[in-house]
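So this block is input07.pdb, PDB, C-alpha atoms:
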ATOM      1  CA  MET A   1       0.000   0.000   0.000  1.00  0.00           C
ATOM      2  CA  ARG A   2       2.861   2.438   0.780  1.00  0.00           C
ATOM      3  CA  LYS A   3       4.439   1.813  -2.616  1.00  0.00           C
ATOM      4  CA  LEU A   4       1.145   2.387  -4.406  1.00  0.00           C
ATOM      5  CA  GLY A   5       0.525   5.629  -2.511  1.00  0.00           C
ATOM      6  CA  PHE A   6       4.042   6.836  -3.336  1.00  0.00           C
ATOM      7  CA  PHE A   7       3.616   6.055  -7.022  1.00  0.00           C
ATOM      8  CA  ILE A   8       0.298   7.917  -7.171  1.00  0.00           C
ATOM      9  CA  GLY A   9       1.876  10.886  -5.435  1.00  0.00           C
ATOM     10  CA  VAL A  10       4.686  10.973  -7.961  1.00  0.00           C
ATOM     11  CA  VAL A  11       2.353  10.750 -10.935  1.00  0.00           C
ATOM     12  CA  VAL A  12      -0.022  13.414  -9.678  1.00  0.00           C
ATOM     13  CA  GLY A  13       2.829  15.723  -8.778  1.00  0.00           C
ATOM     14  CA  ALA A  14       4.621  15.378 -12.115  1.00  0.00           C
ATOM     15  CA  ALA A  15       2.441  16.881 -14.818  1.00  0.00           C
ATOM     16  CA  SER A  16       4.148  15.324 -17.782  1.00  0.00           C
ATOM     17  CA  VAL A  17       3.171  13.203 -20.767  1.00  0.00           C
ATOM     18  CA  PHE A  18       5.605  10.558 -19.607  1.00  0.00           C
ATOM     19  CA  SER A  19       3.889  10.199 -16.225  1.00  0.00           C
ATOM     20  CA  TYR A  20       0.448  10.074 -17.837  1.00  0.00           C
ATOM     21  CA  GLN A  21       1.555   7.311 -20.193  1.00  0.00           C
ATOM     22  CA  MET A  22       2.829   5.325 -17.217  1.00  0.00           C
ATOM     23  CA  MET A  23      -0.626   5.573 -15.656  1.00  0.00           C
ATOM     24  CA  GLU A  24      -2.268   4.298 -18.827  1.00  0.00           C
ATOM     25  CA  LYS A  25      -0.131   1.176 -18.742  1.00  0.00           C
ATOM     26  CA  LYS A  26      -1.218   0.195 -15.243  1.00  0.00           C
ATOM     27  CA  HIS A  27      -3.504  -2.841 -15.064  1.00  0.00           C
ATOM     28  CA  HIS A  28      -6.690  -2.581 -13.021  1.00  0.00           C
ATOM     29  CA  PRO A  29      -7.693  -5.355 -10.599  1.00  0.00           C
ATOM     30  CA  SER A  30     -10.083  -7.887 -12.108  1.00  0.00           C
ATOM     31  CA  ALA A  31     -13.152  -9.412 -10.442  1.00  0.00           C
ATOM     32  CA  PHE A  32     -16.789 -10.257 -11.186  1.00  0.00           C
ATOM     33  CA  PRO A  33     -16.101 -11.424 -14.775  1.00  0.00           C
ATOM     34  CA  ILE A  34     -18.938 -11.551 -17.324  1.00  0.00           C
ATOM     35  CA  LEU A  35     -19.118 -15.001 -18.926  1.00  0.00           C
ATOM     36  CA  GLU A  36     -20.965 -15.423 -22.232  1.00  0.00           C
ATOM     37  CA  ARG A  37     -22.418 -18.904 -22.728  1.00  0.00           C
ATOM     38  CA  GLN A  38     -24.475 -20.369 -25.548  1.00  0.00           C
ATOM     39  CA  GLY A  39     -27.664 -20.329 -23.495  1.00  0.00           C
ATOM     40  CA  TYR A  40     -27.068 -17.561 -20.958  1.00  0.00           C
ATOM     41  CA  THR A  41     -24.830 -14.777 -19.680  1.00  0.00           C
ATOM     42  CA  LEU A  42     -23.412 -14.830 -16.159  1.00  0.00           C
ATOM     43  CA  ALA A  43     -21.715 -12.289 -13.904  1.00  0.00           C
ATOM     44  CA  TYR A  44     -19.560 -14.294 -11.507  1.00  0.00           C
ATOM     45  CA  ASP A  45     -18.913 -13.344  -7.891  1.00  0.00           C
ATOM     46  CA  SER A  46     -15.266 -14.361  -7.615  1.00  0.00           C
ATOM     47  CA  ARG A  47     -15.308 -13.633  -3.871  1.00  0.00           C
ATOM     48  CA  GLY A  48     -18.353 -15.760  -2.974  1.00  0.00           C
ATOM     49  CA  LYS A  49     -17.631 -18.237  -5.803  1.00  0.00           C
ATOM     50  CA  ILE A  50     -21.252 -18.201  -6.951  1.00  0.00           C
ATOM     51  CA  PRO A  51     -23.114 -16.267  -9.649  1.00  0.00           C
ATOM     52  CA  PHE A  52     -23.800 -12.582  -9.007  1.00  0.00           C
ATOM     53  CA  TRP A  53     -26.537 -12.650 -11.659  1.00  0.00           C
ATOM     54  CA  THR A  54     -27.513 -14.693 -14.701  1.00  0.00           C
ATOM     55  CA  HIS A  55     -29.438 -13.565 -17.762  1.00  0.00           C
ATOM     56  CA  GLU A  56     -31.425 -15.759 -20.149  1.00  0.00           C
ATOM     57  CA  GLN A  57     -33.556 -15.135 -23.216  1.00  0.00           C
ATOM     58  CA  ILE A  58     -36.084 -17.946 -23.373  1.00  0.00           C
ATOM     59  CA  SER A  59     -38.415 -18.914 -26.210  1.00  0.00           C
ATOM     60  CA  LYS A  60     -40.214 -22.037 -27.357  1.00  0.00           C
ATOM     61  CA  GLU A  61     -37.336 -22.668 -29.745  1.00  0.00           C
ATOM     62  CA  SER A  62     -34.653 -22.355 -27.052  1.00  0.00           C
ATOM     63  CA  LEU A  63     -36.596 -24.730 -24.795  1.00  0.00           C
ATOM     64  CA  ALA A  64     -36.615 -27.476 -27.414  1.00  0.00           C
ATOM     65  CA  LYS A  65     -35.347 -30.689 -25.820  1.00  0.00           C
ATOM     66  CA  VAL A  66     -32.431 -32.045 -27.814  1.00  0.00           C
ATOM     67  CA  ALA A  67     -29.633 -32.692 -25.312  1.00  0.00           C
ATOM     68  CA  ASP A  68     -29.748 -35.443 -22.679  1.00  0.00           C
ATOM     69  CA  ARG A  69     -29.179 -34.318 -19.084  1.00  0.00           C
ATOM     70  CA  LYS A  70     -28.297 -37.838 -17.943  1.00  0.00           C
ATOM     71  CA  ARG A  71     -24.936 -37.546 -19.674  1.00  0.00           C
ATOM     72  CA  MET A  72     -23.974 -34.331 -17.858  1.00  0.00           C
ATOM     73  CA  ASP A  73     -21.810 -33.983 -14.758  1.00  0.00           C
ATOM     74  CA  PHE A  74     -21.030 -30.998 -12.550  1.00  0.00           C
ATOM     75  CA  CYS A  75     -17.500 -29.676 -13.051  1.00  0.00           C
ATOM     76  CA  GLU A  76     -15.265 -26.713 -12.301  1.00  0.00           C
ATOM     77  CA  ASP A  77     -15.429 -23.835 -14.748  1.00  0.00           C
ATOM     78  CA  PRO A  78     -12.173 -23.932 -16.756  1.00  0.00           C
ATOM     79  CA  HIS A  79     -12.652 -20.314 -17.846  1.00  0.00           C
ATOM     80  CA  LEU A  80     -12.139 -18.928 -14.339  1.00  0.00           C
ATOM     81  CA  TYR A  81      -8.969 -18.083 -12.471  1.00  0.00           C
ATOM     82  CA  ALA A  82      -8.169 -21.221 -10.446  1.00  0.00           C
ATOM     83  CA  SER A  83      -8.298 -19.601  -6.998  1.00  0.00           C
ATOM     84  CA  HIS A  84     -11.727 -18.098  -7.769  1.00  0.00           C
ATOM     85  CA  ARG A  85     -13.444 -21.407  -8.537  1.00  0.00           C
ATOM     86  CA  SER A  86     -15.605 -23.579  -6.356  1.00  0.00           C
ATOM     87  CA  THR A  87     -15.021 -27.318  -6.483  1.00  0.00           C
ATOM     88  CA  LEU A  88     -17.067 -30.476  -6.111  1.00  0.00           C
ATOM     89  CA  GLU A  89     -15.355 -31.069  -2.767  1.00  0.00           C
ATOM     90  CA  ASP A  90     -16.766 -27.791  -1.441  1.00  0.00           C
ATOM     91  CA  TYR A  91     -20.299 -29.152  -1.790  1.00  0.00           C
ATOM     92  CA  ALA A  92     -19.594 -32.710  -0.619  1.00  0.00           C
ATOM     93  CA  LYS A  93     -21.376 -33.518   2.683  1.00  0.00           C
ATOM     94  CA  SER A  94     -22.252 -29.834   3.096  1.00  0.00           C
ATOM     95  CA  GLY A  95     -25.975 -30.434   3.493  1.00  0.00           C
ATOM     96  CA  PHE A  96     -26.682 -28.173   0.513  1.00  0.00           C
ATOM     97  CA  ASP A  97     -27.678 -29.052  -3.036  1.00  0.00           C
ATOM     98  CA  ARG A  98     -25.644 -27.867  -5.991  1.00  0.00           C
ATOM     99  CA  GLY A  99     -28.402 -25.546  -7.149  1.00  0.00           C
ATOM    100  CA  HIS A 100     -28.526 -24.377 -10.756  1.00  0.00           C
ATOM    101  CA  VAL A 101     -29.121 -20.643 -11.085  1.00  0.00           C
ATOM    102  CA  VAL A 102     -29.771 -21.035 -14.823  1.00  0.00           C
ATOM    103  CA  PRO A 103     -31.840 -24.255 -14.903  1.00  0.00           C
ATOM    104  CA  ALA A 104     -30.533 -27.101 -17.009  1.00  0.00           C
ATOM    105  CA  ALA A 105     -34.083 -27.587 -18.303  1.00  0.00           C
ATOM    106  CA  ASP A 106     -33.960 -24.114 -19.871  1.00  0.00           C
ATOM    107  CA  VAL A 107     -30.949 -24.967 -22.027  1.00  0.00           C
ATOM    108  CA  ARG A 108     -31.576 -28.239 -23.829  1.00  0.00           C
ATOM    109  CA  PHE A 109     -31.105 -27.089 -27.416  1.00  0.00           C
ATOM    110  CA  SER A 110     -27.558 -28.523 -27.700  1.00  0.00           C
ATOM    111  CA  ASP A 111     -25.191 -30.760 -25.723  1.00  0.00           C
ATOM    112  CA  GLU A 112     -22.605 -28.009 -25.364  1.00  0.00           C
ATOM    113  CA  ALA A 113     -25.138 -25.437 -24.180  1.00  0.00           C
ATOM    114  CA  LEU A 114     -26.522 -27.869 -21.599  1.00  0.00           C
ATOM    115  CA  LYS A 115     -23.026 -28.792 -20.432  1.00  0.00           C
ATOM    116  CA  GLU A 116     -22.313 -25.129 -19.686  1.00  0.00           C
ATOM    117  CA  THR A 117     -25.162 -25.030 -17.168  1.00  0.00           C
ATOM    118  CA  PHE A 118     -23.293 -27.680 -15.138  1.00  0.00           C
ATOM    119  CA  TYR A 119     -20.206 -25.505 -14.660  1.00  0.00           C
ATOM    120  CA  LEU A 120     -19.947 -24.745 -10.950  1.00  0.00           C
ATOM    121  CA  SER A 121     -19.860 -21.042 -11.841  1.00  0.00           C
ATOM    122  CA  ASN A 122     -23.622 -21.429 -12.489  1.00  0.00           C
ATOM    123  CA  ILE A 123     -24.180 -23.185  -9.164  1.00  0.00           C
ATOM    124  CA  ALA A 124     -24.909 -21.926  -5.645  1.00  0.00           C
ATOM    125  CA  PRO A 125     -25.511 -23.815  -2.382  1.00  0.00           C
ATOM    126  CA  GLN A 126     -29.262 -24.319  -2.015  1.00  0.00           C
ATOM    127  CA  HIS A 127     -31.168 -25.805   0.883  1.00  0.00           C
ATOM    128  CA  PRO A 128     -32.689 -29.070  -0.424  1.00  0.00           C
ATOM    129  CA  GLN A 129     -36.235 -27.981   0.448  1.00  0.00           C
ATOM    130  CA  CYS A 130     -35.740 -24.771  -1.513  1.00  0.00           C
ATOM    131  CA  ASN A 131     -34.006 -26.339  -4.511  1.00  0.00           C
ATOM    132  CA  ARG A 132     -36.414 -29.258  -4.844  1.00  0.00           C
ATOM    133  CA  GLY A 133     -39.496 -27.332  -3.764  1.00  0.00           C
ATOM    134  CA  MET A 134     -40.410 -23.694  -4.351  1.00  0.00           C
ATOM    135  CA  TRP A 135     -37.404 -22.903  -6.552  1.00  0.00           C
ATOM    136  CA  VAL A 136     -38.101 -25.719  -9.004  1.00  0.00           C
ATOM    137  CA  GLN A 137     -41.777 -24.689  -9.014  1.00  0.00           C
ATOM    138  CA  LEU A 138     -40.673 -21.217 -10.044  1.00  0.00           C
ATOM    139  CA  GLU A 139     -38.453 -22.601 -12.809  1.00  0.00           C
ATOM    140  CA  ARG A 140     -41.364 -24.632 -14.187  1.00  0.00           C
ATOM    141  CA  TYR A 141     -43.651 -21.625 -13.963  1.00  0.00           C
ATOM    142  CA  VAL A 142     -41.233 -19.596 -16.104  1.00  0.00           C
ATOM    143  CA  ARG A 143     -41.262 -22.256 -18.826  1.00  0.00           C
ATOM    144  CA  MET A 144     -45.054 -22.359 -18.676  1.00  0.00           C
ATOM    145  CA  LEU A 145     -45.143 -18.566 -19.094  1.00  0.00           C
ATOM    146  CA  VAL A 146     -43.243 -18.892 -22.363  1.00  0.00           C
ATOM    147  CA  ASP A 147     -46.210 -20.831 -23.778  1.00  0.00           C
ATOM    148  CA  GLU A 148     -48.650 -18.206 -22.526  1.00  0.00           C
ATOM    149  CA  GLU A 149     -46.705 -14.967 -22.980  1.00  0.00           C
ATOM    150  CA  GLY A 150     -44.091 -15.675 -25.660  1.00  0.00           C
ATOM    151  CA  PRO A 151     -40.339 -15.036 -25.395  1.00  0.00           C
ATOM    152  CA  LEU A 152     -39.064 -13.885 -21.999  1.00  0.00           C
ATOM    153  CA  GLU A 153     -35.993 -12.393 -20.410  1.00  0.00           C
ATOM    154  CA  VAL A 154     -35.073 -13.988 -17.089  1.00  0.00           C
ATOM    155  CA  ILE A 155     -32.554 -12.580 -14.599  1.00  0.00           C
ATOM    156  CA  SER A 156     -31.734 -14.738 -11.569  1.00  0.00           C
ATOM    157  CA  GLY A 157     -29.285 -14.694  -8.710  1.00  0.00           C
ATOM    158  CA  PRO A 158     -28.518 -14.972  -5.015  1.00  0.00           C
ATOM    159  CA  LEU A 159     -29.245 -12.422  -2.307  1.00  0.00           C
ATOM    160  CA  PHE A 160     -27.786 -11.709   1.118  1.00  0.00           C
ATOM    161  CA  ILE A 161     -30.567  -9.955   3.005  1.00  0.00           C
ATOM    162  CA  PRO A 162     -29.983  -8.374   6.439  1.00  0.00           C
ATOM    163  CA  GLN A 163     -31.716  -9.877   9.456  1.00  0.00           C
ATOM    164  CA  LYS A 164     -32.330  -8.314  12.857  1.00  0.00           C
ATOM    165  CA  GLY A 165     -30.059  -9.590  15.625  1.00  0.00           C
ATOM    166  CA  LYS A 166     -30.860 -10.060  19.313  1.00  0.00           C
ATOM    167  CA  ASP A 167     -29.544  -6.558  19.972  1.00  0.00           C
ATOM    168  CA  GLY A 168     -32.083  -5.060  17.587  1.00  0.00           C
ATOM    169  CA  LYS A 169     -29.434  -4.140  15.010  1.00  0.00           C
ATOM    170  CA  ARG A 170     -29.468  -5.497  11.460  1.00  0.00           C
ATOM    171  CA  TYR A 171     -26.703  -7.773  10.200  1.00  0.00           C
ATOM    172  CA  VAL A 172     -25.820  -9.575   6.994  1.00  0.00           C
ATOM    173  CA  THR A 173     -24.665 -13.037   8.073  1.00  0.00           C
ATOM    174  CA  TYR A 174     -24.306 -16.144   5.958  1.00  0.00           C
ATOM    175  CA  GLN A 175     -22.671 -19.534   6.047  1.00  0.00           C
ATOM    176  CA  VAL A 176     -19.775 -20.600   3.846  1.00  0.00           C
ATOM    177  CA  ILE A 177     -18.944 -24.161   2.808  1.00  0.00           C
ATOM    178  CA  GLY A 178     -15.835 -26.040   1.766  1.00  0.00           C
ATOM    179  CA  LYS A 179     -12.184 -25.067   1.785  1.00  0.00           C
ATOM    180  CA  ASN A 180     -12.942 -22.342  -0.767  1.00  0.00           C
ATOM    181  CA  ASP A 181     -15.514 -20.637   1.500  1.00  0.00           C
ATOM    182  CA  VAL A 182     -18.365 -20.816  -1.007  1.00  0.00           C
ATOM    183  CA  ALA A 183     -21.050 -18.352   0.114  1.00  0.00           C
ATOM    184  CA  VAL A 184     -24.489 -19.708   1.021  1.00  0.00           C
ATOM    185  CA  PRO A 185     -27.108 -17.103  -0.015  1.00  0.00           C
ATOM    186  CA  THR A 186     -29.915 -16.199   2.349  1.00  0.00           C
ATOM    187  CA  HIS A 187     -32.363 -15.870  -0.580  1.00  0.00           C
ATOM    188  CA  PHE A 188     -32.626 -16.236  -4.351  1.00  0.00           C
ATOM    189  CA  PHE A 189     -34.380 -13.931  -6.800  1.00  0.00           C
ATOM    190  CA  LYS A 190     -35.820 -14.233 -10.266  1.00  0.00           C
ATOM    191  CA  VAL A 191     -37.016 -11.375 -12.506  1.00  0.00           C
ATOM    192  CA  ILE A 192     -39.108 -12.388 -15.520  1.00  0.00           C
ATOM    193  CA  LYS A 193     -39.843  -9.813 -18.223  1.00  0.00           C
ATOM    194  CA  ASN A 194     -41.445  -9.309 -21.601  1.00  0.00           C
ATOM    195  CA  VAL A 195     -42.417  -6.104 -23.395  1.00  0.00           C
ATOM    196  CA  LEU A 196     -45.609  -5.743 -21.350  1.00  0.00           C
ATOM    197  CA  LYS A 197     -45.136  -7.400 -17.962  1.00  0.00           C
ATOM    198  CA  THR A 198     -42.620  -8.036 -15.204  1.00  0.00           C
ATOM    199  CA  TRP A 199     -42.806 -10.780 -12.587  1.00  0.00           C
ATOM    200  CA  VAL A 200     -40.487 -10.696  -9.560  1.00  0.00           C
ATOM    201  CA  TYR A 201     -39.923 -13.406  -6.946  1.00  0.00           C
ATOM    202  CA  VAL A 202     -37.629 -13.670  -3.922  1.00  0.00           C
ATOM    203  CA  ILE A 203     -37.437 -17.058  -2.210  1.00  0.00           C
ATOM    204  CA  PRO A 204     -35.677 -17.834   1.113  1.00  0.00           C
ATOM    205  CA  ASN A 205     -32.878 -20.374   0.943  1.00  0.00           C
ATOM    206  CA  GLY A 206     -34.398 -22.737   3.478  1.00  0.00           C
ATOM    207  CA  PRO A 207     -37.524 -24.754   4.227  1.00  0.00           C
ATOM    208  CA  VAL A 208     -40.167 -22.907   2.212  1.00  0.00           C
ATOM    209  CA  LYS A 209     -43.921 -23.273   2.636  1.00  0.00           C
ATOM    210  CA  GLY A 210     -46.962 -21.706   1.034  1.00  0.00           C
ATOM    211  CA  GLU A 211     -47.629 -20.936  -2.611  1.00  0.00           C
ATOM    212  CA  LEU A 212     -45.495 -19.325  -5.277  1.00  0.00           C
ATOM    213  CA  LYS A 213     -47.623 -16.163  -5.200  1.00  0.00           C
ATOM    214  CA  ASP A 214     -46.588 -15.671  -1.561  1.00  0.00           C
ATOM    215  CA  TYR A 215     -43.055 -14.865  -2.751  1.00  0.00           C
ATOM    216  CA  GLN A 216     -43.836 -12.132  -5.257  1.00  0.00           C
ATOM    217  CA  PHE A 217     -41.675  -9.085  -4.641  1.00  0.00           C
ATOM    218  CA  SER A 218     -41.310  -5.400  -5.497  1.00  0.00           C
ATOM    219  CA  LEU A 219     -38.922  -4.726  -8.385  1.00  0.00           C
ATOM    220  CA  GLU A 220     -37.854  -1.416  -6.852  1.00  0.00           C
ATOM    221  CA  GLU A 221     -37.057  -3.074  -3.529  1.00  0.00           C
ATOM    222  CA  LEU A 222     -35.120  -5.841  -5.266  1.00  0.00           C
ATOM    223  CA  GLU A 223     -33.045  -3.258  -7.128  1.00  0.00           C
ATOM    224  CA  ARG A 224     -32.229  -1.607  -3.812  1.00  0.00           C
ATOM    225  CA  ILE A 225     -31.150  -4.720  -1.926  1.00  0.00           C
ATOM    226  CA  SER A 226     -29.414  -6.476  -4.848  1.00  0.00           C
ATOM    227  CA  GLY A 227     -27.506  -3.490  -6.239  1.00  0.00           C
ATOM    228  CA  ILE A 228     -28.655  -4.544  -9.720  1.00  0.00           C
ATOM    229  CA  GLN A 229     -30.636  -2.323 -12.090  1.00  0.00           C
ATOM    230  CA  PHE A 230     -33.274  -4.297 -13.969  1.00  0.00           C
ATOM    231  CA  THR A 231     -35.140  -1.396 -15.610  1.00  0.00           C
ATOM    232  CA  TYR A 232     -33.676   0.126 -18.777  1.00  0.00           C
TER     233      TYR A 232
END
Translate this file's structure into structure tokens.
Amino acid sequence: MRKLGFFIGVVVGAASVFSYQMMEKKHHPSAFPILERQGYTLAYDSRGKIPFWTHEQISKESLAKVADRKRMDFCEDPHLYASHRSTLEDYAKSGFDRGHVVPAADVRFSDEALKETFYLSNIAPQHPQCNRGMWVQLERYVRMLVDEEGPLEVISGPLFIPQKGKDGKRYVTYQVIGKNDVAVPTHFFKVIKNVLKTWVYVIPNGPVKGELKDYQFSLEELERISGIQFTY
């Protein structure tokens, strides 16, 4: 830190073309890479080792079932810096499912596209009752909406929502798993859009009861707590 501060001081104090060119050659730190896949785009949280958000464009054509899921296995994402990846060992005996953020069932139009949904960069730790219950209901509902509403944009991701502690103050606390400290989200969100309508859901990452409609959410509030802008 002292060296960096000294260098900045020198550059700022020396108003010369040479100093400015030196600044231009400096490399900025890199994090939260954007990964373009055949069936989706993903912003990766290289600190939590889970997606920050995913974006899909879904239509009847893209949902066509061609590839076979039975031949697919979860694997590390080879396109990520090694120390930023999660691994299969992180999830082993953790008590959490390897939960797809972009569902495999959304991306069946080719073997390669389906395979990319099994990269661990598209996976987050999900409580089994969430992953196999309300979350999968929501995924199926989205595919049903395509039949009713036509092509859709879908943005999904994890959330870390503050909870009130015993002292009355609000804290963001979450579990991590494995040697790579993979973050366990407190909630998951999904924003579904077409030219006329927007549907928003936030689902707790735990035992979830009730009906899907009970988890509808305000888009404005989701933008505030997620730090993501969905309106444009």
Discussion item. Please enumerate the residues selected by the PyMOL selection byres ((chain A and resi 71-78) around 12) when evaluated against the supplied file, formatted as a PyMOL selection string.
Written reply: chain A and resi 35+37+44+46+49-51+67-70+79-91+97-100+104+108+110-123
Item to complete: Report as a list in words the residues that result from applying the PyMOL selection byres ((chain A and resi 106) around 9) to the structure here.
Response: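 Going through the file, the PyMOL selection byres ((chain A and resi 106) around 9) ends up selecting Gly39, Glu56, Ile58, Ser62, Leu63, Ala64, Lys65, Val102, Pro103, Ala104, Ala105, Val107, Arg108, Phe109, Leu114, Glu139 and Arg143 of chain A.
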Worksheet item: In terms of the shortest atom-to-atom distance over only C-alpha atoms, which of A:His55, A:Lys60, A:His187, A:Lys93 is closest to Met144 in chain A?
Response: A:Lys60
Worksheet entry | Pick from A:Ile228, A:Lys193, A:Trp135, A:Tyr141, whichever lies nearest to Ala43 in chain A using all atoms listed in the file |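 Under the stated criterion, the closest residue is A:Ile228.
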Worksheet item: Written as number ranges by chain, what is the full residue list that the PyMOL selection byres ((chain A and resi 207) around 8) yields on the file shown?
Response: A: 127-130, 204-206, 208-209
Write out the residues from the selection above, keeping C-alpha atoms, as an mmCIF file, in the coordinates of the input.
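Listing of out.cif after writing:
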data_model
loop_
_atom_site.group_PDB
_atom_site.id
_atom_site.type_symbol
_atom_site.label_atom_id
_atom_site.label_comp_id
_atom_site.auth_asym_id
_atom_site.auth_seq_id
_atom_site.Cartn_x
_atom_site.Cartn_y
_atom_site.Cartn_z
ATOM 1 C CA HIS A 127 -31.168 -25.805 0.883
ATOM 2 C CA PRO A 128 -32.689 -29.070 -0.424
ATOM 3 C CA GLN A 129 -36.235 -27.981 0.448
ATOM 4 C CA CYS A 130 -35.740 -24.771 -1.513
ATOM 5 C CA PRO A 204 -35.677 -17.834 1.113
ATOM 6 C CA ASN A 205 -32.878 -20.374 0.943
ATOM 7 C CA GLY A 206 -34.398 -22.737 3.478
ATOM 8 C CA VAL A 208 -40.167 -22.907 2.212
ATOM 9 C CA LYS A 209 -43.921 -23.273 2.636
#
Worksheet, complete the sentence: In Å and to one decimal, CA of Met134 in chain A is distant from CA of Leu159 in chain A by 16.0 Å
